[in-house]
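Some notes on the structure that comes next.
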Amino acid sequence: MSPENYLIKSNANAKYQKPLQDKVAIVTGSTYGIGFAIARRLAQDGAHVLICSRKTENVDKAVQQLKEEGLSISGIQCHVGNEKDREKLCATALVTYGKIDILICNAAVNPFVGPLFETTEEVWKKVFHVNVISTFLLIKLVVPHIQKQGRGSIIICSSFSGYMPHPYIGPYSITKTALLGLTNMLAQALRFMNIRVNSLALGLINTSFSKVIKQIPEMKSKLIPLGVYRFGEPEECAGIASFLCSEDASYINGENIGVTGGVLGRL
Ligand code: NAP
């Protein structure tokens, strides 16, 4: 069914509405790659979307592109690891749209690729700070505003490497494992506020992020035995994000959905 054809059954005048009509969403790390595809899809499905990333020029370019597509988009520079930037992000959503219904925590870094025992304290601190601690702190900041809406949805972008850690991206993998735990814990804590928290275990997706991985021989030799027959496209991660934020997923909470082309096989 196309998004335009969703029937709001409770409306006696039988009106058609998009699944995220008039919802307000923040998507972090959304000026290219998976975050960009998710932001575009949420807006296509009716949401007003605030995008962000570290570089103003990337924000401006992405906002312009999505506005030219007729979507309701605004943008702001925000490094998620920076407290002032997180506050500015939250405040901008409230000033621009007056509320927040949806938060997609997508931004992440991977500062080191190489043998596990060559990783330093600095690498571990940076990757945990940006990927895990900042994700939690942004959620903590935004939750009181979602709570005012009486319901809402949060998605955390994790990875299949959270289940199958690879020593060449060791610290990064372990942050993604931590995000699975964070998802579970937040879902328990926030269900009484009617705020659902789910995560995506993303597989290998064609972005600038995964280009590095493709070039590492130690990683490459693992891809075929793992069953990676092709990399996914960012757009293939977007529909599930929109669905999880919609009312069709109203009883789905604390789940972690694999988007891996089958690499992540779980019973
Ligand atoms: P990407 O192509 O490198 O895009 C990253 C986006 O995030 C860009 O918009 C970038 O813009 C922004 N960004 C980076 N660091 C940021 C920060 N500290 N604060 C705010 N924005 C930041 O990455 P991707 O492949 O789309 O990855 C998105 C998510 O999917 C990540 O959580 C990643 O761990 C996860 N994932 C990806 C893959 C994959 O194969 N691609 C696999 C598993 C999981 P600026 O440069 O302007 O900041």
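Identifiers for the structure tokens are assigned positionally: chains receive A, B, ... in sequence, residues are indexed from 1 per chain, and ligands are indexed from 1 in the order shown.
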
Handout entry: Ser153 of chain A surroundings by only C-alpha atoms, 9 Å radius, close-in-sequence under 5 positions cut, as an MDAnalysis selection string
Key = chainID A and resid 101:104 146 194:198 244:246

Take the residues just selected and output them with N, CA and C atoms as a PDB file, in the first residue's frame.
ATOM      1  N   ASP A 101       8.363  14.493  18.220  1.00  0.00           N
ATOM      2  CA  ASP A 101       7.698  13.184  18.343  1.00  0.00           C
ATOM      3  C   ASP A 101       8.657  12.021  18.155  1.00  0.00           C
ATOM      4  N   ILE A 102       9.700  12.249  17.336  1.00  0.00           N
ATOM      5  CA  ILE A 102      10.558  11.140  16.888  1.00  0.00           C
ATOM      6  C   ILE A 102      12.022  11.551  16.972  1.00  0.00           C
ATOM      7  N   LEU A 103      12.859  10.636  17.462  1.00  0.00           N
ATOM      8  CA  LEU A 103      14.306  10.880  17.454  1.00  0.00           C
ATOM      9  C   LEU A 103      15.005   9.669  16.839  1.00  0.00           C
ATOM     10  N   ILE A 104      15.815   9.912  15.817  1.00  0.00           N
ATOM     11  CA  ILE A 104      16.615   8.829  15.216  1.00  0.00           C
ATOM     12  C   ILE A 104      18.080   9.106  15.534  1.00  0.00           C
ATOM     13  N   ILE A 146       9.278  14.699  24.044  1.00  0.00           N
ATOM     14  CA  ILE A 146       8.430  13.660  23.424  1.00  0.00           C
ATOM     15  C   ILE A 146       7.307  13.305  24.390  1.00  0.00           C
ATOM     16  N   ASN A 194       4.797   5.727  27.122  1.00  0.00           N
ATOM     17  CA  ASN A 194       4.321   5.492  25.755  1.00  0.00           C
ATOM     18  C   ASN A 194       5.364   5.932  24.712  1.00  0.00           C
ATOM     19  N   ILE A 195       6.620   5.864  25.103  1.00  0.00           N
ATOM     20  CA  ILE A 195       7.699   6.157  24.144  1.00  0.00           C
ATOM     21  C   ILE A 195       8.384   4.827  23.831  1.00  0.00           C
ATOM     22  N   ARG A 196       8.332   4.444  22.568  1.00  0.00           N
ATOM     23  CA  ARG A 196       8.940   3.175  22.156  1.00  0.00           C
ATOM     24  C   ARG A 196      10.383   3.398  21.706  1.00  0.00           C
ATOM     25  N   VAL A 197      11.249   2.451  22.056  1.00  0.00           N
ATOM     26  CA  VAL A 197      12.658   2.542  21.674  1.00  0.00           C
ATOM     27  C   VAL A 197      13.062   1.238  20.977  1.00  0.00           C
ATOM     28  N   ASN A 198      13.438   1.341  19.725  1.00  0.00           N
ATOM     29  CA  ASN A 198      13.881   0.172  18.963  1.00  0.00           C
ATOM     30  C   ASN A 198      15.217   0.487  18.299  1.00  0.00           C
ATOM     31  N   LEU A 244       8.819   1.749  11.990  1.00  0.00           N
ATOM     32  CA  LEU A 244       8.958   1.662  13.460  1.00  0.00           C
ATOM     33  C   LEU A 244       8.458   2.916  14.154  1.00  0.00           C
ATOM     34  N   CYS A 245       8.503   4.047  13.447  1.00  0.00           N
ATOM     35  CA  CYS A 245       8.015   5.309  14.047  1.00  0.00           C
ATOM     36  C   CYS A 245       6.507   5.474  13.888  1.00  0.00           C
ATOM     37  N   SER A 246       5.902   4.641  13.052  1.00  0.00           N
ATOM     38  CA  SER A 246       4.484   4.828  12.732  1.00  0.00           C
ATOM     39  C   SER A 246       3.583   4.093  13.731  1.00  0.00           C
TER      40      SER A 246
END

Exercise for the section: Check which residues fall inside 7 Å of ligand 1 when counting only C-alpha atoms and all ligand atoms, and print them as a PyMOL selection string. Expected result: chain A and resi 28-36+52-56+58-59+78-81+106-109+130+157-161+201-210+234

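Considering only C-alpha atoms, the residue among A:Gln77, A:Cys90, A:Gly150, A:Pro167 positioned nearest to Phe117 of chain A is A:Pro167.
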
Handout entry: Å distance separating atom CA of Glu247 of chain A from atom CA of Pro19 of chain A, one decimal place
Key =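 Going from atom CA of Glu247 of chain A over to atom CA of Pro19 of chain A covers 7.3 Å.
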
Exercise for the section: Would you please work out which residue, of A:Ala249, A:Ala189, A:Ile38, A:Ile169, is nearest to Glu218 of chain A when using only C-alpha atoms? Expected result: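 The shortest atom-to-atom distance to Glu218 of chain A comes from A:Ile169.
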
Exercise for the section: Do a neighbour search on Glu69 of chain A at 12 Å with only C-alpha atoms, toss out local chain neighbours closer than 5 positions, and write the hits as an MDAnalysis selection string. Expected result: chainID A and resid 40:41 43:44 62:64

Based on the selection just made, write all heavy atoms of those residues as a short mmCIF file (atom, residue, chain, number, x, y, z; two decimals), in the first residue's frame.
data_model
loop_
_atom_site.label_atom_id
_atom_site.label_comp_id
_atom_site.auth_asym_id
_atom_site.auth_seq_id
_atom_site.Cartn_x
_atom_site.Cartn_y
_atom_site.Cartn_z
N ARG A 40 14.93 11.57 4.60
CA ARG A 40 14.11 11.77 3.39
C ARG A 40 12.83 10.93 3.47
O ARG A 40 11.74 11.41 3.19
CB ARG A 40 14.93 11.37 2.16
CG ARG A 40 14.11 11.38 0.89
CD ARG A 40 14.86 10.68 -0.22
NE ARG A 40 15.57 11.59 -1.07
CZ ARG A 40 16.67 11.25 -1.77
NH1 ARG A 40 17.18 10.06 -1.65
NH2 ARG A 40 17.23 12.13 -2.56
N ARG A 41 12.97 9.67 3.90
CA ARG A 41 11.80 8.78 3.94
C ARG A 41 10.78 9.25 4.99
O ARG A 41 9.57 9.23 4.76
CB ARG A 41 12.25 7.35 4.21
CG ARG A 41 11.12 6.34 4.34
CD ARG A 41 10.24 6.29 3.07
NE ARG A 41 9.09 5.45 3.26
CZ ARG A 41 9.03 4.17 2.88
NH1 ARG A 41 10.05 3.60 2.27
NH2 ARG A 41 7.94 3.46 3.10
N ALA A 43 10.26 12.25 5.92
CA ALA A 43 9.59 13.44 5.36
C ALA A 43 8.63 13.04 4.25
O ALA A 43 7.51 13.57 4.15
CB ALA A 43 10.63 14.43 4.85
N GLN A 44 9.02 12.08 3.41
CA GLN A 44 8.10 11.59 2.37
C GLN A 44 6.84 11.00 3.00
O GLN A 44 5.76 11.06 2.43
CB GLN A 44 8.79 10.52 1.51
CG GLN A 44 9.83 11.07 0.56
CD GLN A 44 10.66 9.98 -0.11
OE1 GLN A 44 10.70 8.83 0.36
NE2 GLN A 44 11.33 10.32 -1.20
N ALA A 62 22.35 19.30 1.97
CA ALA A 62 21.29 18.28 2.15
C ALA A 62 19.92 18.94 2.28
O ALA A 62 18.93 18.47 1.69
CB ALA A 62 21.60 17.42 3.37
N VAL A 63 19.86 20.05 3.04
CA VAL A 63 18.57 20.75 3.21
C VAL A 63 18.06 21.22 1.84
O VAL A 63 16.89 21.03 1.50
CB VAL A 63 18.71 21.95 4.19
CG1 VAL A 63 17.48 22.85 4.11
CG2 VAL A 63 18.91 21.45 5.61
N GLN A 64 18.96 21.81 1.07
CA GLN A 64 18.56 22.32 -0.24
C GLN A 64 18.03 21.18 -1.12
O GLN A 64 16.96 21.30 -1.72
CB GLN A 64 19.75 23.00 -0.92
CG GLN A 64 19.33 23.73 -2.19
CD GLN A 64 20.53 24.26 -2.97
OE1 GLN A 64 21.63 24.37 -2.43
NE2 GLN A 64 20.32 24.59 -4.22
#

Handout entry: Nearest-residue call for Val127 of chain A, choices A:Lys176, A:Lys214, A:His48, A:Lys23, using only C-alpha atoms
Key =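 Closest to Val127 of chain A of all the choices is A:Lys176.
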
Residues of segment 109-222 of chain A at most 9 Å from segment 252-255 of chain A: nearest atom pair and distance in Å, only C-alpha atoms, as JSON lines:
{"residue": "A:Leu180", "atom": "CA", "partner": "A:Glu255", "partner_atom": "CA", "distance": 8.9}
{"residue": "A:Thr183", "atom": "CA", "partner": "A:Gly254", "partner_atom": "CA", "distance": 6.0}
{"residue": "A:Asn184", "atom": "CA", "partner": "A:Gly254", "partner_atom": "CA", "distance": 5.0}
{"residue": "A:Met185", "atom": "CA", "partner": "A:Gly254", "partner_atom": "CA", "distance": 8.0}
{"residue": "A:Leu186", "atom": "CA", "partner": "A:Gly254", "partner_atom": "CA", "distance": 7.7}
{"residue": "A:Ala187", "atom": "CA", "partner": "A:Gly254", "partner_atom": "CA", "distance": 4.9}
{"residue": "A:Gln188", "atom": "CA", "partner": "A:Gly254", "partner_atom": "CA", "distance": 7.4}
{"residue": "A:Arg191", "atom": "CA", "partner": "A:Asn253", "partner_atom": "CA", "distance": 7.9}
{"residue": "A:Ile195", "atom": "CA", "partner": "A:Asn253", "partner_atom": "CA", "distance": 8.5}
{"residue": "A:Arg196", "atom": "CA", "partner": "A:Asn253", "partner_atom": "CA", "distance": 5.1}
{"residue": "A:Val197", "atom": "CA", "partner": "A:Gly254", "partner_atom": "CA", "distance": 5.5}
{"residue": "A:Asn198", "atom": "CA", "partner": "A:Gly254", "partner_atom": "CA", "distance": 4.9}
{"residue": "A:Ser199", "atom": "CA", "partner": "A:Glu255", "partner_atom": "CA", "distance": 6.3}
{"residue": "A:Leu200", "atom": "CA", "partner": "A:Glu255", "partner_atom": "CA", "distance": 8.4}

Practice task
Compare A:Asn110, A:Thr260, A:His166, A:Asp248 by their minimum atom-to-atom distance to Tyr229 of chain A, counting only C-alpha atoms, and give me the closest one.
Solution key: A:Thr260

Practice task
Mind giving me the straight-line distance from atom CA of Asp85 of chain A to atom CA of Leu137 of chain A in Å, one decimal?
Solution key: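 Spanning atom CA of Asp85 of chain A to atom CA of Leu137 of chain A is a straight-line distance of 11.7 Å.
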
Practice task
Using DSSP on the backbone, list every residue of segment 149-244 of chain A that comes out as strand (DSSP E), and give them as a PyMOL selection string.
Solution key: chain A and resi 152-159+195-202

Exercise for the section: Name the residues in contact with Ala91 of chain A at a cut-off of 12 Å, using only C-alpha atoms, excluding same-chain residues fewer than 6 positions from it; report them as a count of residues only. Expected result: 14

Give me, as a tab-separated table, the closest atom pair and its distance (Å, one decimal) for every residue of segment 138-203 of chain A within a cut-off of 10 Å of segment 120-126 of chain A, counting only C-alpha atoms, rows sorted by chain and rising number.
residue	atom	partner	partner_atom	distance
A:Gly170	CA	A:Trp124	CA	9.3
A:Pro171	CA	A:Trp124	CA	5.9
A:Tyr172	CA	A:Trp124	CA	8.2
A:Ile174	CA	A:Trp124	CA	9.6
A:Thr175	CA	A:Trp124	CA	9.1

Could you write out the selected residues, including all heavy atoms, as an mmCIF file, in the first residue's frame?
data_model
loop_
_atom_site.group_PDB
_atom_site.id
_atom_site.type_symbol
_atom_site.label_atom_id
_atom_site.label_comp_id
_atom_site.auth_asym_id
_atom_site.auth_seq_id
_atom_site.Cartn_x
_atom_site.Cartn_y
_atom_site.Cartn_z
ATOM 1 N N GLY A 170 37.219 -3.318 16.406
ATOM 2 C CA GLY A 170 36.866 -3.809 17.739
ATOM 3 C C GLY A 170 36.108 -2.824 18.610
ATOM 4 O O GLY A 170 34.965 -3.094 19.007
ATOM 5 N N PRO A 171 36.701 -1.669 18.942
ATOM 6 C CA PRO A 171 36.005 -0.745 19.843
ATOM 7 C C PRO A 171 34.658 -0.295 19.275
ATOM 8 O O PRO A 171 33.659 -0.230 19.993
ATOM 9 C CB PRO A 171 36.977 0.443 19.946
ATOM 10 C CG PRO A 171 38.310 -0.123 19.590
ATOM 11 C CD PRO A 171 38.056 -1.210 18.602
ATOM 12 N N TYR A 172 34.630 -0.017 17.958
ATOM 13 C CA TYR A 172 33.369 0.376 17.302
ATOM 14 C C TYR A 172 32.318 -0.719 17.477
ATOM 15 O O TYR A 172 31.177 -0.452 17.856
ATOM 16 C CB TYR A 172 33.638 0.655 15.818
ATOM 17 C CG TYR A 172 32.403 0.730 14.965
ATOM 18 C CD1 TYR A 172 31.659 1.903 14.882
ATOM 19 C CD2 TYR A 172 31.944 -0.382 14.238
ATOM 20 C CE1 TYR A 172 30.513 1.972 14.091
ATOM 21 C CE2 TYR A 172 30.810 -0.327 13.460
ATOM 22 C CZ TYR A 172 30.096 0.848 13.387
ATOM 23 O OH TYR A 172 28.950 0.916 12.624
ATOM 24 N N ILE A 174 32.042 -2.948 19.718
ATOM 25 C CA ILE A 174 31.565 -3.081 21.097
ATOM 26 C C ILE A 174 30.625 -1.921 21.475
ATOM 27 O O ILE A 174 29.696 -2.106 22.267
ATOM 28 C CB ILE A 174 32.752 -3.187 22.083
ATOM 29 C CG1 ILE A 174 33.649 -4.372 21.699
ATOM 30 C CG2 ILE A 174 32.279 -3.349 23.525
ATOM 31 C CD1 ILE A 174 32.964 -5.712 21.564
ATOM 32 N N THR A 175 30.821 -0.737 20.846
ATOM 33 C CA THR A 175 29.835 0.338 21.094
ATOM 34 C C THR A 175 28.478 -0.071 20.539
ATOM 35 O O THR A 175 27.443 0.262 21.107
ATOM 36 C CB THR A 175 30.241 1.696 20.468
ATOM 37 O OG1 THR A 175 30.273 1.601 19.031
ATOM 38 C CG2 THR A 175 31.551 2.211 21.007
#

Exercise for the section: Please indicate the distance in Å from atom CA of Gln149 of chain A to atom CA of Ser134 of chain A, rounded to one decimal place. Expected result: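 Taking atom CA of Gln149 of chain A and atom CA of Ser134 of chain A, their separation equals 23.4 Å.
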
Exercise for the section: Point out the residue among A:Glu87, A:Gly181, A:Tyr251, A:Ala238 with the least atom-to-atom distance to Arg151 of chain A, counting only C-alpha atoms. Expected result: A:Tyr251

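When DSSP reads the backbone of this structure, the residues of segment 190-222 of chain A it assigns to helix (DSSP H, G or I) are Leu190, Arg191, Phe192, Met193, Ser208, Phe209, Ser210, Lys211, Val212, Ile213, Lys214, Gln215, Pro217, Glu218, Met219, Lys220, Ser221 and Lys222 of chain A.
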
Problem - From A:Ser250, A:Gln21, A:Thr135, A:Ser242, residue lying nearest Ala39 of chain A [only C-alpha atoms] - result: A:Ser242
